[in-house]
Structure formats: C-alpha cells, structure tokens
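Peer 1: Got a structure here, written out as structure tokens. Questions coming.
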Amino acid sequence: MLLSRYAWLAALLLCVSAAGFAKTPRQCFTADQASRMVNKDVCVSVHVYDVVALPDGTRFLDVCSPETPDAKCGFTIISLWGDHEQVGELQKYRDQNVHIRGIVRPMNGRAGMVLSHARQFYGGPPRFRPNPLLSRGFDAAQERPPISDPNLRHRGGRRAFMNSRDQEPVPVR
C-alpha cells in the first residue's frame, strides 16, 4: 500500500513538472506592434502584399497595403542576396499571411526584420552571423587557438605512459 502511494506521488510529480516545463507557443504581433519592439526577438504576423526584388538581389516583403503610402509604412522585411540559398524563393508567399520570427531592427527611419533563413517562417531563429571583430587576427593555418584558453596551455613537461625513471629492471634469464 505504501509503495503504491509513492508510485502515485511520483507519477503526479512527473506530470506536473512536465507541464511546467512545456514551452508555450510564442505570441505573434502585428507589424505595428512589432515596430515598437526594436532590438527584441519577436514573432510577426503579417500579410505579404508583394515581393520586391532590387537589381543587386536584395528582396523586400511588402507588408503594407497598397493604399498605404510608403512614407506611412512603418515596418519592412528584407532578405539580402547572400541569404538567397538559405531563404529560398519568396514569390510563393505573395498574397499570403505569414508568421516570421526575428530581431526587429531600426532600418532607414522605420523598423524592420532581416529574413536570413527559411526556418524563420516556422518559428526558428535567424541565421547565425559571427562577429567579425571577435575573429580578427585568426587564421585557420595557425597552430595556436583563436582564443587564449588557460585549459589549452601546456603545463610542465611532457607526459608519457612510463617515464624513464619509473622503469622496472628486466629479469635476466
């Protein structure tokens, strides 16, 4: 009887802890709400009215209605040419409602988001871009590591399986 109570209590705690750690879906904001959340990682729910491609390969998702003048449009989504392979074709999102996750940044007087990977349409993070200032002076052909980690330094002499001082005499036959 006592064992069944402990089993029941353990099962109850397991269910409660699993429910507590379950991730709630992220709330998506409108473009107007997201434009006030600069430098935050948010989900934006927008309708794509048009996909505009510039001659240099940069693409914009036009999320403002055709009746809205460009000066009044406060949010934009941009995809750079360097991310073309990871983002894929954007024309399929024309006249669609989409959810895009990313970091809202100030862009030329308005708020915007950089679309750098297709997984952003499914709640995934943008593509990782390393900070070029941190990797300055590093060359892959170097023998030293790119960072000065004390755990990677040699300490003392060479280690061997058996030092010459510790050898046992070989028995003579």
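Following the order of the structure tokens, first chain is A, next is B, and so on, with residues numbered from 1 inside each chain and ligands from 1 in the order they appear.
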Quick one: everything within 9 Å of A:Ser116, counting only C-alpha atoms, minus sequence neighbours fewer than 2 positions away in the same chain. Send it as a list in words.
Peer 2: Ile78, Ser79, Leu80, Gly82, Asp83, His84, Gln86, Val87, Val114, Ala118, Arg119, Gln120, Pro126, Arg127 and Phe128 of chain A
Peer 1: Would you mind exporting C-alpha atoms of the selected residues as a PDB file, in the first residue's frame?
Peer 2:
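selection_30.pdb, freshly written:
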```
ATOM      1  CA  ILE A  78      14.309  42.386 -46.046  1.00  0.00           C
ATOM      2  CA  SER A  79      16.213  39.390 -47.419  1.00  0.00           C
ATOM      3  CA  LEU A  80      19.772  40.015 -48.580  1.00  0.00           C
ATOM      4  CA  GLY A  82      23.866  36.491 -49.518  1.00  0.00           C
ATOM      5  CA  ASP A  83      20.995  34.634 -47.816  1.00  0.00           C
ATOM      6  CA  HIS A  84      19.269  33.673 -51.085  1.00  0.00           C
ATOM      7  CA  GLN A  86      19.008  29.646 -47.183  1.00  0.00           C
ATOM      8  CA  VAL A  87      15.785  31.634 -47.629  1.00  0.00           C
ATOM      9  CA  VAL A 114      16.105  40.600 -41.742  1.00  0.00           C
ATOM     10  CA  ALA A 118      13.597  29.786 -44.222  1.00  0.00           C
ATOM     11  CA  ARG A 119      13.206  28.352 -40.709  1.00  0.00           C
ATOM     12  CA  GLN A 120      12.125  31.838 -39.564  1.00  0.00           C
ATOM     13  CA  PRO A 126      17.686  33.718 -37.881  1.00  0.00           C
ATOM     14  CA  ARG A 127      20.958  32.547 -39.390  1.00  0.00           C
ATOM     15  CA  PHE A 128      23.964  32.917 -37.090  1.00  0.00           C
TER      16      PHE A 128
END
```
Peer 1: Near A:Thr58, within 7 Å and counting only C-alpha atoms, which residues show up once chain neighbours fewer than 2 positions away are dropped, as a list in words?
Peer 2: Ala53, Leu54, Asp56, Phe60, Ser79, Leu80 and Trp81 of chain A
Peer 1: Quick check, in Å to one decimal: how far apart do atom CA of A:Gly88 and atom CA of A:Ala71 lie?
Peer 2: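 Going from atom CA of A:Gly88 over to atom CA of A:Ala71 covers 28.7 Å.
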Peer 1: Skip A:Pro106 itself and residues of its chain fewer than 5 positions away, then list as a PyMOL selection string all residues within 10 Å of it, counting only C-alpha atoms.
Peer 2: chain A and resi 35-39+75-76+111-113
Peer 1: Do you have the atom CA of A:Val48-atom CA of A:Val63 distance handy?
Peer 2: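 Here the two named atoms are 4.9 Å from each other.
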Peer 1: For the atom pair atom CA of A:Pro125 and atom CA of A:Ser65, what is the interatomic distance in Å to one decimal place?
Peer 2: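 If I compute the distance from atom CA of A:Pro125 to atom CA of A:Ser65, I get 26.8 Å.
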Peer 1: List the neighbours of A:Val52 out to 8 Å using only C-alpha atoms; skip same-chain residues closer than 6 positions along the sequence, and give me the result as a list in words.
Peer 2: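 Here the qualifying residues turn out to be Arg59, Phe60, Leu61 and Asp62 of chain A.
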